[in-house]
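Asker: File follows, input-v6.cif with mmCIF, C-alpha atoms:
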```cif
data_query
#
loop_
_atom_site.label_atom_id
_atom_site.label_comp_id
_atom_site.auth_asym_id
_atom_site.auth_seq_id
_atom_site.Cartn_x
_atom_site.Cartn_y
_atom_site.Cartn_z
CA MET A 1 29.24 54.75 -43.13
CA PRO A 2 27.13 57.89 -42.68
CA GLY A 3 28.74 60.60 -40.59
CA GLU A 4 32.14 58.88 -40.37
CA ALA A 5 35.27 60.49 -41.76
CA MET A 6 36.83 58.15 -44.28
CA ASN A 7 40.48 57.27 -44.88
CA GLU A 8 41.79 57.26 -48.43
CA ILE A 9 43.96 54.22 -49.23
CA MET A 10 45.97 53.60 -52.43
CA VAL A 11 45.05 50.13 -53.74
CA GLY A 12 47.14 49.93 -56.90
CA GLU A 13 48.49 51.45 -60.07
CA LEU A 14 45.98 52.19 -62.82
CA SER A 15 47.79 49.74 -65.13
CA GLU A 16 47.13 46.88 -62.66
CA PHE A 17 43.37 47.06 -63.32
CA THR A 18 42.43 45.61 -66.71
CA GLU A 19 39.45 46.88 -68.69
CA GLY A 20 36.36 44.93 -67.63
CA GLY A 21 38.33 43.30 -64.83
CA TYR A 22 37.90 43.36 -61.10
CA ARG A 23 39.70 42.58 -57.88
CA VAL A 24 38.51 41.74 -54.39
CA LEU A 25 40.67 43.44 -51.78
CA ARG A 26 40.85 43.65 -48.02
CA VAL A 27 42.09 46.60 -45.99
CA ASP A 28 42.33 45.21 -42.47
CA SER A 29 38.72 44.15 -41.71
CA PHE A 30 37.13 45.95 -44.68
CA GLU A 31 36.62 43.78 -47.78
CA PHE A 32 35.41 45.19 -51.10
CA GLY A 33 35.43 44.57 -54.83
CA ILE A 34 36.70 47.15 -57.31
CA PHE A 35 35.57 46.96 -60.95
CA ARG A 36 36.99 48.79 -63.96
CA GLN A 37 34.47 49.85 -66.59
CA GLY A 38 36.41 51.69 -69.30
CA ASP A 39 37.84 54.80 -67.68
CA ARG A 40 35.44 54.50 -64.75
CA PHE A 41 35.84 52.53 -61.54
CA VAL A 42 33.12 51.35 -59.17
CA ALA A 43 33.59 49.54 -55.88
CA TYR A 44 31.23 47.80 -53.47
CA GLU A 45 31.46 46.23 -50.04
CA ASN A 46 31.82 42.46 -50.45
CA HIS A 47 28.50 41.79 -48.72
CA CYS A 48 25.27 40.75 -50.46
CA PRO A 49 22.14 42.37 -48.94
CA HIS A 50 20.24 39.10 -49.39
CA ASP A 51 22.12 36.79 -47.05
CA GLY A 52 25.57 38.31 -46.48
CA GLY A 53 27.35 36.35 -49.21
CA PRO A 54 30.64 37.47 -50.79
CA VAL A 55 28.93 39.13 -53.77
CA CYS A 56 32.10 40.62 -55.27
CA GLN A 57 33.60 37.14 -55.60
CA GLY A 58 30.80 36.09 -57.95
CA LYS A 59 30.82 36.06 -61.73
CA VAL A 60 30.49 39.19 -63.83
CA ILE A 61 28.19 38.41 -66.76
CA PRO A 62 26.42 40.26 -69.56
CA ARG A 63 22.85 41.22 -68.69
CA VAL A 64 20.12 39.25 -70.47
CA GLU A 65 17.35 41.48 -71.80
CA GLU A 66 14.05 40.61 -73.43
CA GLU A 67 13.33 42.46 -76.66
CA LEU A 68 9.64 43.41 -76.94
CA ALA A 69 7.57 44.17 -80.04
CA PRO A 70 5.27 47.24 -80.05
CA ASP A 71 2.39 44.98 -78.96
CA GLN A 72 4.53 43.84 -75.98
CA THR A 73 5.05 40.30 -77.29
CA SER A 74 8.51 38.88 -76.92
CA ARG A 75 10.91 38.98 -79.83
CA GLY A 76 13.40 36.92 -77.83
CA LEU A 77 16.29 37.38 -75.47
CA ARG A 78 19.64 39.04 -76.14
CA PHE A 79 22.79 39.90 -74.26
CA SER A 80 23.19 43.57 -73.39
CA LYS A 81 26.46 45.50 -73.18
CA LYS A 82 25.60 46.13 -69.52
CA ARG A 83 27.06 43.72 -66.99
CA ASN A 84 25.86 42.23 -63.73
CA ILE A 85 27.60 40.88 -60.65
CA VAL A 86 26.10 37.53 -59.56
CA CYS A 87 26.36 36.60 -55.88
CA PRO A 88 27.88 33.09 -55.67
CA TRP A 89 25.66 32.03 -52.76
CA HIS A 90 22.13 32.40 -54.17
CA GLY A 91 22.48 33.99 -57.61
CA TRP A 92 21.21 37.47 -56.82
CA GLU A 93 22.21 39.80 -59.67
CA PHE A 94 23.25 43.44 -59.33
CA ASP A 95 23.88 46.07 -62.00
CA ILE A 96 27.65 46.61 -61.96
CA GLU A 97 27.28 50.35 -62.69
CA THR A 98 24.70 51.18 -60.01
CA GLY A 99 24.86 48.32 -57.50
CA ARG A 100 21.06 47.93 -57.73
CA HIS A 101 19.43 44.50 -57.70
CA CYS A 102 18.16 43.70 -61.20
CA GLY A 103 14.74 42.45 -60.10
CA ASP A 104 14.00 44.69 -57.12
CA PRO A 105 15.84 48.04 -57.04
CA LYS A 106 15.09 48.56 -53.34
CA TYR A 107 18.05 46.21 -52.76
CA ARG A 108 21.49 47.52 -53.61
CA LEU A 109 25.14 46.97 -52.83
CA ARG A 110 26.92 49.45 -50.56
CA SER A 111 29.22 51.53 -52.71
CA VAL A 112 32.80 52.44 -51.85
CA ASP A 113 34.21 55.74 -53.10
CA VAL A 114 36.95 55.31 -55.75
CA LYS A 115 39.28 57.96 -57.18
CA VAL A 116 42.06 57.85 -59.77
CA ARG A 117 44.87 60.34 -59.25
CA ASP A 118 48.34 60.40 -60.82
CA ASN A 119 47.76 56.94 -62.37
CA ARG A 120 46.98 55.43 -58.96
CA VAL A 121 43.67 54.05 -57.71
CA TYR A 122 42.40 55.06 -54.25
CA VAL A 123 39.40 53.95 -52.19
CA SER A 124 37.87 55.51 -49.10
CA VAL A 125 37.51 53.13 -46.16
CA PRO A 126 35.93 53.70 -42.74
CA PRO A 127 38.37 54.37 -39.88
CA ALA A 128 37.00 51.37 -37.98
CA ALA A 129 38.50 49.14 -40.69
CA LEU A 130 42.05 50.32 -40.00
#
```
Take the structure in the file and give it back as structure tokens.

Answerer:
Amino acid sequence: MPGEAMNEIMVGELSEFTEGGYRVLRVDSFEFGIFRQGDRFVAYENHCPHDGGPVCQGKVIPRVEEELAPDQTSRGLRFSKKRNIVCPWHGWEFDIETGRHCGDPKYRLRSVDVKVRDNRVYVSVPPAAL
């Protein structure tokens, strides 16, 4: 929330978050998903920009990419190491690392600040949520 001071909340021990795993959490009225990508964490509000669906409760899947030849003809499809979050309501896909929609980058998920300190995971939530 632009201009608002945020409150930092501890949401768990580092060991509680498995590699490649995620959790959907609620702090009072503020719901978000937190995703562990190696040593990095990302978090997003649990609200799809398309129609308000609970995007963070969707599946996390490998991204499908088309491999192109130098003449731009297709060599086929393959799974990438990158992963997407798929909104369970209408299937909109978002890059898990950036929150951007895979087909139209003008749409993106609202990020939530995440920090790891002393083997604990913290998120910043707006004061209105508390």

Asker: Would you list the residues near (18.3, 31.5, -51.3) (no more than 12 Å away, in the coordinates of the file, using only C-alpha atoms) as a list of chain:residue names?

Answerer: A:Cys48, A:Pro49, A:His50, A:Asp51, A:Gly52, A:Gly53, A:Cys87, A:Pro88, A:Trp89, A:His90, A:Gly91, A:Trp92

Asker: Kindly give the distance, in Å, that separates CA of Asp113 (chain A) and CA of Ala43 (chain A), rounded to a single decimal.

Answerer: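 Calculated distance between CA of Asp113 (chain A) and CA of Ala43 (chain A) is 6.8 Å.
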
Asker: In Å, with one decimal, what is the gap from CA of Arg26 (chain A) to CA of Val121 (chain A)?

Answerer: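 So the two atoms, CA of Arg26 (chain A) and CA of Val121 (chain A), lie 14.5 Å apart.
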
Asker: Can you spell out as a PyMOL selection string the set of residues that the PyMOL selection byres ((chain A and resi 46) around 7) selects in the structure I just provided?

Answerer: chain A and resi 31-33+44-45+47-48+54-56

Asker: Specify as a PyMOL selection string each residue included when the PyMOL selection byres ((chain A and resi 94) around 10) is applied to this file.

Answerer: chain A and resi 48+55+60+63+83-87+91-93+95-105+107-109

Asker: Print the selection's residues with C-alpha atoms to a file, as an mmCIF file, keeping the file's coordinate frame.

Answerer:
```
data_model
loop_
_atom_site.group_PDB
_atom_site.id
_atom_site.type_symbol
_atom_site.label_atom_id
_atom_site.label_comp_id
_atom_site.auth_asym_id
_atom_site.auth_seq_id
_atom_site.Cartn_x
_atom_site.Cartn_y
_atom_site.Cartn_z
ATOM 1 C CA CYS A 48 25.270 40.750 -50.460
ATOM 2 C CA VAL A 55 28.930 39.130 -53.770
ATOM 3 C CA VAL A 60 30.490 39.190 -63.830
ATOM 4 C CA ARG A 63 22.850 41.220 -68.690
ATOM 5 C CA ARG A 83 27.060 43.720 -66.990
ATOM 6 C CA ASN A 84 25.860 42.230 -63.730
ATOM 7 C CA ILE A 85 27.600 40.880 -60.650
ATOM 8 C CA VAL A 86 26.100 37.530 -59.560
ATOM 9 C CA CYS A 87 26.360 36.600 -55.880
ATOM 10 C CA GLY A 91 22.480 33.990 -57.610
ATOM 11 C CA TRP A 92 21.210 37.470 -56.820
ATOM 12 C CA GLU A 93 22.210 39.800 -59.670
ATOM 13 C CA ASP A 95 23.880 46.070 -62.000
ATOM 14 C CA ILE A 96 27.650 46.610 -61.960
ATOM 15 C CA GLU A 97 27.280 50.350 -62.690
ATOM 16 C CA THR A 98 24.700 51.180 -60.010
ATOM 17 C CA GLY A 99 24.860 48.320 -57.500
ATOM 18 C CA ARG A 100 21.060 47.930 -57.730
ATOM 19 C CA HIS A 101 19.430 44.500 -57.700
ATOM 20 C CA CYS A 102 18.160 43.700 -61.200
ATOM 21 C CA GLY A 103 14.740 42.450 -60.100
ATOM 22 C CA ASP A 104 14.000 44.690 -57.120
ATOM 23 C CA PRO A 105 15.840 48.040 -57.040
ATOM 24 C CA TYR A 107 18.050 46.210 -52.760
ATOM 25 C CA ARG A 108 21.490 47.520 -53.610
ATOM 26 C CA LEU A 109 25.140 46.970 -52.830
#
```

Asker: Determine, counting only C-alpha atoms, which protein, DNA and RNA residues have an atom within 10 Å of an atom of Phe17 (chain A); residues of the same chain fewer than 2 positions away are not included. Present the result as a list in words.

Answerer: Gly12, Glu13, Leu14, Ser15, Glu19, Gly20, Gly21, Tyr22, Arg23, Ile34, Phe35, Arg36, Gln37, Phe41 and Val121 of chain A

Asker: Around all the atoms of region 61-74 of chain A listed in the file, draw an axis-aligned box and extend it by 3 Å on each of the six sides; I want its centre and edge lengths in Å to one decimal, as lines of an AutoDock Vina configuration file.

Answerer:
```
center_x = 15.3
center_y = 42.8
center_z = -73.4
size_x = 31.8
size_y = 14.8
size_z = 19.3
```

Asker: From the options A:Arg120, A:Phe30, A:Val64, A:Glu8, which residue's atoms come nearest to Leu77 (chain A), counting all atoms listed in the file?

Answerer: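 Distance minimum relative to Leu77 (chain A) lands on A:Val64.
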
Asker: What separation in Å, quoted to one decimal, exists between CA of Val27 (chain A) and CA of Val42 (chain A)?

Answerer: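 Straight-line distance from CA of Val27 (chain A) to CA of Val42 (chain A) works out to 16.6 Å.
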
Asker: Near Leu68 (chain A), counting all atoms listed in the file, which residues have an atom at most 12 Å away, once you skip same-chain residues fewer than 5 positions from it, shown as JSON, numbers by chain?

Answerer: {"A": [73, 74, 75, 76, 77, 78]}

Asker: Kindly provide, as a PDB file with C-alpha atoms, in the coordinates of the input, the polymer residues lying within 6 Å of (35.2, 55.3, -44.6), counting all atoms listed in the file and using the coordinates exactly as they appear in the file.

Answerer:
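Generated file (part02.pdb):
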```pdb
ATOM      1  CA  ALA A   5      35.270  60.490 -41.760  1.00  0.00           C
ATOM      2  CA  MET A   6      36.830  58.150 -44.280  1.00  0.00           C
ATOM      3  CA  ASN A   7      40.480  57.270 -44.880  1.00  0.00           C
ATOM      4  CA  SER A 124      37.870  55.510 -49.100  1.00  0.00           C
ATOM      5  CA  VAL A 125      37.510  53.130 -46.160  1.00  0.00           C
ATOM      6  CA  PRO A 126      35.930  53.700 -42.740  1.00  0.00           C
ATOM      7  CA  PRO A 127      38.370  54.370 -39.880  1.00  0.00           C
TER       8      PRO A 127
END
```

Asker: Missing atoms in region 99-123 of chain A: can you complete it with N, CA and C atoms, as an mmCIF file, in the coordinates of the input?

Answerer:
```
data_model
loop_
_atom_site.group_PDB
_atom_site.id
_atom_site.type_symbol
_atom_site.label_atom_id
_atom_site.label_comp_id
_atom_site.auth_asym_id
_atom_site.auth_seq_id
_atom_site.Cartn_x
_atom_site.Cartn_y
_atom_site.Cartn_z
ATOM 1 N N GLY A 99 24.952 49.131 -58.714
ATOM 2 C CA GLY A 99 24.860 48.320 -57.500
ATOM 3 C C GLY A 99 23.442 47.892 -57.174
ATOM 4 N N ARG A 100 22.461 48.280 -57.993
ATOM 5 C CA ARG A 100 21.060 47.930 -57.730
ATOM 6 C C ARG A 100 20.760 46.494 -58.164
ATOM 7 N N HIS A 101 19.904 45.837 -57.354
ATOM 8 C CA HIS A 101 19.430 44.500 -57.700
ATOM 9 C C HIS A 101 18.621 44.590 -58.986
ATOM 10 N N CYS A 102 18.803 43.638 -59.883
ATOM 11 C CA CYS A 102 18.160 43.700 -61.200
ATOM 12 C C CYS A 102 16.655 43.471 -61.155
ATOM 13 N N GLY A 103 16.172 42.733 -60.181
ATOM 14 C CA GLY A 103 14.740 42.450 -60.100
ATOM 15 C C GLY A 103 13.994 43.368 -59.152
ATOM 16 N N ASP A 104 14.650 43.846 -58.119
ATOM 17 C CA ASP A 104 14.000 44.690 -57.120
ATOM 18 C C ASP A 104 14.973 45.781 -56.691
ATOM 19 N N PRO A 105 14.854 46.984 -57.290
ATOM 20 C CA PRO A 105 15.840 48.040 -57.040
ATOM 21 C C PRO A 105 15.879 48.583 -55.610
ATOM 22 N N LYS A 106 14.979 48.115 -54.730
ATOM 23 C CA LYS A 106 15.090 48.560 -53.340
ATOM 24 C C LYS A 106 16.307 47.920 -52.660
ATOM 25 N N TYR A 107 16.825 46.841 -53.263
ATOM 26 C CA TYR A 107 18.050 46.210 -52.760
ATOM 27 C C TYR A 107 19.222 46.724 -53.575
ATOM 28 N N ARG A 108 20.294 47.052 -52.890
ATOM 29 C CA ARG A 108 21.490 47.520 -53.610
ATOM 30 C C ARG A 108 22.724 47.218 -52.785
ATOM 31 N N LEU A 109 23.844 47.166 -53.485
ATOM 32 C CA LEU A 109 25.140 46.970 -52.830
ATOM 33 C C LEU A 109 25.585 48.301 -52.237
ATOM 34 N N ARG A 110 26.360 48.223 -51.160
ATOM 35 C CA ARG A 110 26.920 49.450 -50.560
ATOM 36 C C ARG A 110 28.154 49.858 -51.354
ATOM 37 N N SER A 111 28.105 51.073 -51.875
ATOM 38 C CA SER A 111 29.220 51.530 -52.710
ATOM 39 C C SER A 111 30.385 52.019 -51.857
ATOM 40 N N VAL A 112 31.551 51.960 -52.454
ATOM 41 C CA VAL A 112 32.800 52.440 -51.850
ATOM 42 C C VAL A 112 33.338 53.502 -52.801
ATOM 43 N N ASP A 113 33.715 54.647 -52.277
ATOM 44 C CA ASP A 113 34.210 55.740 -53.100
ATOM 45 C C ASP A 113 35.569 55.382 -53.707
ATOM 46 N N VAL A 114 35.708 55.605 -55.021
ATOM 47 C CA VAL A 114 36.950 55.310 -55.750
ATOM 48 C C VAL A 114 37.400 56.567 -56.476
ATOM 49 N N LYS A 115 38.702 56.832 -56.444
ATOM 50 C CA LYS A 115 39.280 57.960 -57.180
ATOM 51 C C LYS A 115 40.539 57.491 -57.890
ATOM 52 N N VAL A 116 40.807 58.096 -59.057
ATOM 53 C CA VAL A 116 42.060 57.850 -59.770
ATOM 54 C C VAL A 116 42.802 59.175 -59.797
ATOM 55 N N ARG A 117 44.040 59.137 -59.321
ATOM 56 C CA ARG A 117 44.870 60.340 -59.250
ATOM 57 C C ARG A 117 46.308 59.950 -59.550
ATOM 58 N N ASP A 118 46.934 60.660 -60.477
ATOM 59 C CA ASP A 118 48.340 60.400 -60.820
ATOM 60 C C ASP A 118 48.580 58.922 -61.168
ATOM 61 N N ASN A 119 47.661 58.341 -61.934
ATOM 62 C CA ASN A 119 47.760 56.940 -62.370
ATOM 63 C C ASN A 119 47.741 55.935 -61.221
ATOM 64 N N ARG A 120 47.159 56.334 -60.107
ATOM 65 C CA ARG A 120 46.980 55.430 -58.960
ATOM 66 C C ARG A 120 45.498 55.387 -58.592
ATOM 67 N N VAL A 121 45.064 54.248 -58.078
ATOM 68 C CA VAL A 121 43.670 54.050 -57.710
ATOM 69 C C VAL A 121 43.555 54.078 -56.187
ATOM 70 N N TYR A 122 42.610 54.882 -55.688
ATOM 71 C CA TYR A 122 42.400 55.060 -54.250
ATOM 72 C C TYR A 122 40.949 54.721 -53.901
ATOM 73 N N VAL A 123 40.747 54.154 -52.728
ATOM 74 C CA VAL A 123 39.400 53.950 -52.190
ATOM 75 C C VAL A 123 39.326 54.601 -50.823
#
```
